[in-house]
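S.K.: Take a look at the following structure, please.
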Number of protein chains: 2
Amino acid sequence: MSDQLKPKFDINGLITAVAVDDVTGDILMLAHMNEEALAATLETGRVTYYSRSRQSLWVKGETSGHIQELVGMRVDCDQDAVIVRVKQTGAACHLGRRSCFFRAVEPDGNLVDIAEA
Amino acid sequence: MSDQLKPKFDINGLITAVAVDDVTGDILMLAHMNEEALAATLETGRVTYYSRSRQSLWVKGETSGHIQELVGMRVDCDQDAVIVRVKQTGAACHLGRRSCFFRAVEPDGNLVDIAEA
């Protein structure tokens, strides 16, 4: 098995990135990175994604100030997904919530808002 | 905002699912669900994915015995990703590792195997 990062980008040139809060261990958000975003994240220590809607590089928090400072990165067995462990400033979610995953799904499909600490 | 689960499936009819170990809180793996897999997961409590390679429903652990019992599910703000919190039997990774994310990525792109507890 490779001991070098050799990401398996999908047909759109992307891998999936899961951001985890370094303090709480909670999953904050899920987004995507292209080769440039991944390299920028590792080089600058500022987590950078690729925005599929804007079709451009997206330095997280560049406009909102809600930056993500890279603490560590992991890659999965088939190298098509990474975890970025981050120091999150402010809210990761564009709705102002700490995490994008602020709703629990009940077995019947009802969504329940999770109170945050 | 909707208080009902209304997943935003992609062009292939899939959403991303991140499995988290209920005991440790660690991310175990990342996979995909179609509408049928998502419904089966909620109905049966056995985490079920859609295998993109086999193009079929994939009841996790059906052959290996390494099942995932659903403890809870969360959905993100735009409903294109879910977290499944699971009781994992055995290894989540097909390589026999507890988690698929067993390698750290160093800034220079080197991968370092993470010792497991």
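Chain labels follow the order of the structure tokens: the first chain is A, the next B, and so on; residue numbering restarts at 1 in every chain, and ligands are counted from 1 in their shown order.
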Sorted by chain and rising residue number, which residues of chain A lie within 7 Å of chain B, and what are their closest atom pairs and distances in Å to one decimal, counting only C-alpha atoms, as CSV?
M.R.:
```
residue,atom,partner,partner_atom,distance
A:Asp3,CA,B:Leu111,CA,4.9
A:Gln4,CA,B:Asn110,CA,4.7
A:Leu5,CA,B:Gly109,CA,5.1
A:Leu42,CA,B:Pro107,CA,5.2
A:Glu43,CA,B:Pro107,CA,6.7
A:Met73,CA,B:Val105,CA,5.3
A:Arg74,CA,B:Ala104,CA,4.2
A:Val75,CA,B:Phe101,CA,5.4
A:Asp76,CA,B:Phe101,CA,4.2
A:Cys77,CA,B:Cys100,CA,5.2
A:Cys100,CA,B:Asp76,CA,4.9
A:Phe101,CA,B:Asp76,CA,4.2
A:Phe102,CA,B:Asp76,CA,6.7
A:Arg103,CA,B:Arg74,CA,5.5
A:Ala104,CA,B:Arg74,CA,4.2
A:Val105,CA,B:Met73,CA,5.3
A:Pro107,CA,B:Leu42,CA,5.2
A:Gly109,CA,B:Leu5,CA,5.1
A:Asn110,CA,B:Gln4,CA,4.7
A:Leu111,CA,B:Asp3,CA,4.9
```
S.K.: Please provide as JSON, numbers by chain all residues within 12 Å of B:Ala40, with the sequence filter that same-chain residues fewer than 2 positions apart are discarded (counting only C-alpha atoms).
M.R.: {"A": [107, 108], "B": [33, 34, 35, 36, 37, 38, 42, 43, 44, 45, 46, 47, 48, 49, 50, 57, 58, 59, 60, 70]}
S.K.: Create the file for the chosen residues now, containing N, CA and C atoms and written as a PDB file, in the first residue's frame.
M.R.:
```
ATOM      1  N   PRO A 107     -36.525   7.653  13.180  1.00  0.00           N
ATOM      2  CA  PRO A 107     -36.853   6.534  12.282  1.00  0.00           C
ATOM      3  C   PRO A 107     -37.992   6.832  11.310  1.00  0.00           C
ATOM      4  N   ASP A 108     -38.922   7.700  11.701  1.00  0.00           N
ATOM      5  CA  ASP A 108     -40.044   8.019  10.813  1.00  0.00           C
ATOM      6  C   ASP A 108     -39.734   9.174   9.857  1.00  0.00           C
TER       7      ASP A 108
ATOM      8  N   MET B  33     -25.391   6.258   0.069  1.00  0.00           N
ATOM      9  CA  MET B  33     -26.715   5.644   0.183  1.00  0.00           C
ATOM     10  C   MET B  33     -27.607   6.182  -0.927  1.00  0.00           C
ATOM     11  N   ASN B  34     -28.377   5.287  -1.517  1.00  0.00           N
ATOM     12  CA  ASN B  34     -29.472   5.745  -2.368  1.00  0.00           C
ATOM     13  C   ASN B  34     -30.748   5.762  -1.516  1.00  0.00           C
ATOM     14  N   GLU B  35     -31.859   6.077  -2.134  1.00  0.00           N
ATOM     15  CA  GLU B  35     -33.097   6.220  -1.368  1.00  0.00           C
ATOM     16  C   GLU B  35     -33.462   4.916  -0.654  1.00  0.00           C
ATOM     17  N   GLU B  36     -33.258   3.812  -1.351  1.00  0.00           N
ATOM     18  CA  GLU B  36     -33.611   2.498  -0.801  1.00  0.00           C
ATOM     19  C   GLU B  36     -32.709   2.149   0.392  1.00  0.00           C
ATOM     20  N   ALA B  37     -31.424   2.441   0.267  1.00  0.00           N
ATOM     21  CA  ALA B  37     -30.472   2.136   1.343  1.00  0.00           C
ATOM     22  C   ALA B  37     -30.777   2.976   2.585  1.00  0.00           C
ATOM     23  N   LEU B  38     -31.103   4.227   2.361  1.00  0.00           N
ATOM     24  CA  LEU B  38     -31.428   5.122   3.469  1.00  0.00           C
ATOM     25  C   LEU B  38     -32.687   4.636   4.191  1.00  0.00           C
ATOM     26  N   LEU B  42     -33.016   3.105   8.136  1.00  0.00           N
ATOM     27  CA  LEU B  42     -33.935   3.626   9.149  1.00  0.00           C
ATOM     28  C   LEU B  42     -34.942   2.566   9.596  1.00  0.00           C
ATOM     29  N   GLU B  43     -35.371   1.752   8.673  1.00  0.00           N
ATOM     30  CA  GLU B  43     -36.403   0.763   8.996  1.00  0.00           C
ATOM     31  C   GLU B  43     -35.860  -0.423   9.775  1.00  0.00           C
ATOM     32  N   THR B  44     -34.673  -0.894   9.362  1.00  0.00           N
ATOM     33  CA  THR B  44     -34.151  -2.126   9.959  1.00  0.00           C
ATOM     34  C   THR B  44     -33.192  -1.870  11.108  1.00  0.00           C
ATOM     35  N   GLY B  45     -32.606  -0.657  11.141  1.00  0.00           N
ATOM     36  CA  GLY B  45     -31.589  -0.381  12.149  1.00  0.00           C
ATOM     37  C   GLY B  45     -30.245  -1.020  11.814  1.00  0.00           C
ATOM     38  N   ARG B  46     -30.159  -1.640  10.674  1.00  0.00           N
ATOM     39  CA  ARG B  46     -28.890  -2.193  10.170  1.00  0.00           C
ATOM     40  C   ARG B  46     -28.425  -1.273   9.056  1.00  0.00           C
ATOM     41  N   VAL B  47     -27.207  -0.725   9.222  1.00  0.00           N
ATOM     42  CA  VAL B  47     -26.768   0.280   8.257  1.00  0.00           C
ATOM     43  C   VAL B  47     -26.546  -0.367   6.889  1.00  0.00           C
ATOM     44  N   THR B  48     -27.174   0.229   5.906  1.00  0.00           N
ATOM     45  CA  THR B  48     -27.185  -0.279   4.537  1.00  0.00           C
ATOM     46  C   THR B  48     -26.737   0.837   3.594  1.00  0.00           C
ATOM     47  N   TYR B  49     -25.772   0.507   2.751  1.00  0.00           N
ATOM     48  CA  TYR B  49     -25.260   1.484   1.790  1.00  0.00           C
ATOM     49  C   TYR B  49     -25.650   1.060   0.378  1.00  0.00           C
ATOM     50  N   TYR B  50     -25.248   1.901  -0.573  1.00  0.00           N
ATOM     51  CA  TYR B  50     -25.341   1.518  -1.972  1.00  0.00           C
ATOM     52  C   TYR B  50     -23.917   1.392  -2.490  1.00  0.00           C
ATOM     53  N   LEU B  57     -27.504  -2.698  -3.565  1.00  0.00           N
ATOM     54  CA  LEU B  57     -27.649  -2.442  -2.145  1.00  0.00           C
ATOM     55  C   LEU B  57     -26.614  -3.254  -1.376  1.00  0.00           C
ATOM     56  N   TRP B  58     -26.093  -2.678  -0.315  1.00  0.00           N
ATOM     57  CA  TRP B  58     -24.978  -3.289   0.405  1.00  0.00           C
ATOM     58  C   TRP B  58     -25.289  -3.197   1.901  1.00  0.00           C
ATOM     59  N   VAL B  59     -25.829  -4.294   2.436  1.00  0.00           N
ATOM     60  CA  VAL B  59     -26.049  -4.361   3.881  1.00  0.00           C
ATOM     61  C   VAL B  59     -24.688  -4.579   4.525  1.00  0.00           C
ATOM     62  N   LYS B  60     -24.183  -3.550   5.159  1.00  0.00           N
ATOM     63  CA  LYS B  60     -22.819  -3.605   5.713  1.00  0.00           C
ATOM     64  C   LYS B  60     -22.670  -4.813   6.632  1.00  0.00           C
ATOM     65  N   LEU B  70     -27.440   0.703  13.833  1.00  0.00           N
ATOM     66  CA  LEU B  70     -27.710   2.143  13.880  1.00  0.00           C
ATOM     67  C   LEU B  70     -28.073   2.595  15.292  1.00  0.00           C
TER      68      LEU B  70
END
```
S.K.: Taking the DSSP assignment computed from this structure's backbone, write out as a PyMOL selection string all residues of chain B that belong to strand (DSSP E).
M.R.: chain B and resi 15-21+27-33+48-51+56-59+68-75+81-88+103-105+111-113
S.K.: One decimal, Å: what's the distance from atom CA of A:Arg52 over to atom CA of A:Asp22, could you say?
M.R.: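 Pair atom CA of A:Arg52 / atom CA of A:Asp22 returns 25.6 Å.
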S.K.: Using DSSP on the backbone coordinates, identify all residues within chain A classified as helix (DSSP H, G or I); present the result as a count of residues only.
M.R.: 10
S.K.: Interatomic distance between atom CA of A:Ser53 and atom CA of A:His32?
M.R.: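 Separating atom CA of A:Ser53 from atom CA of A:His32 is a distance of 11.1 Å.
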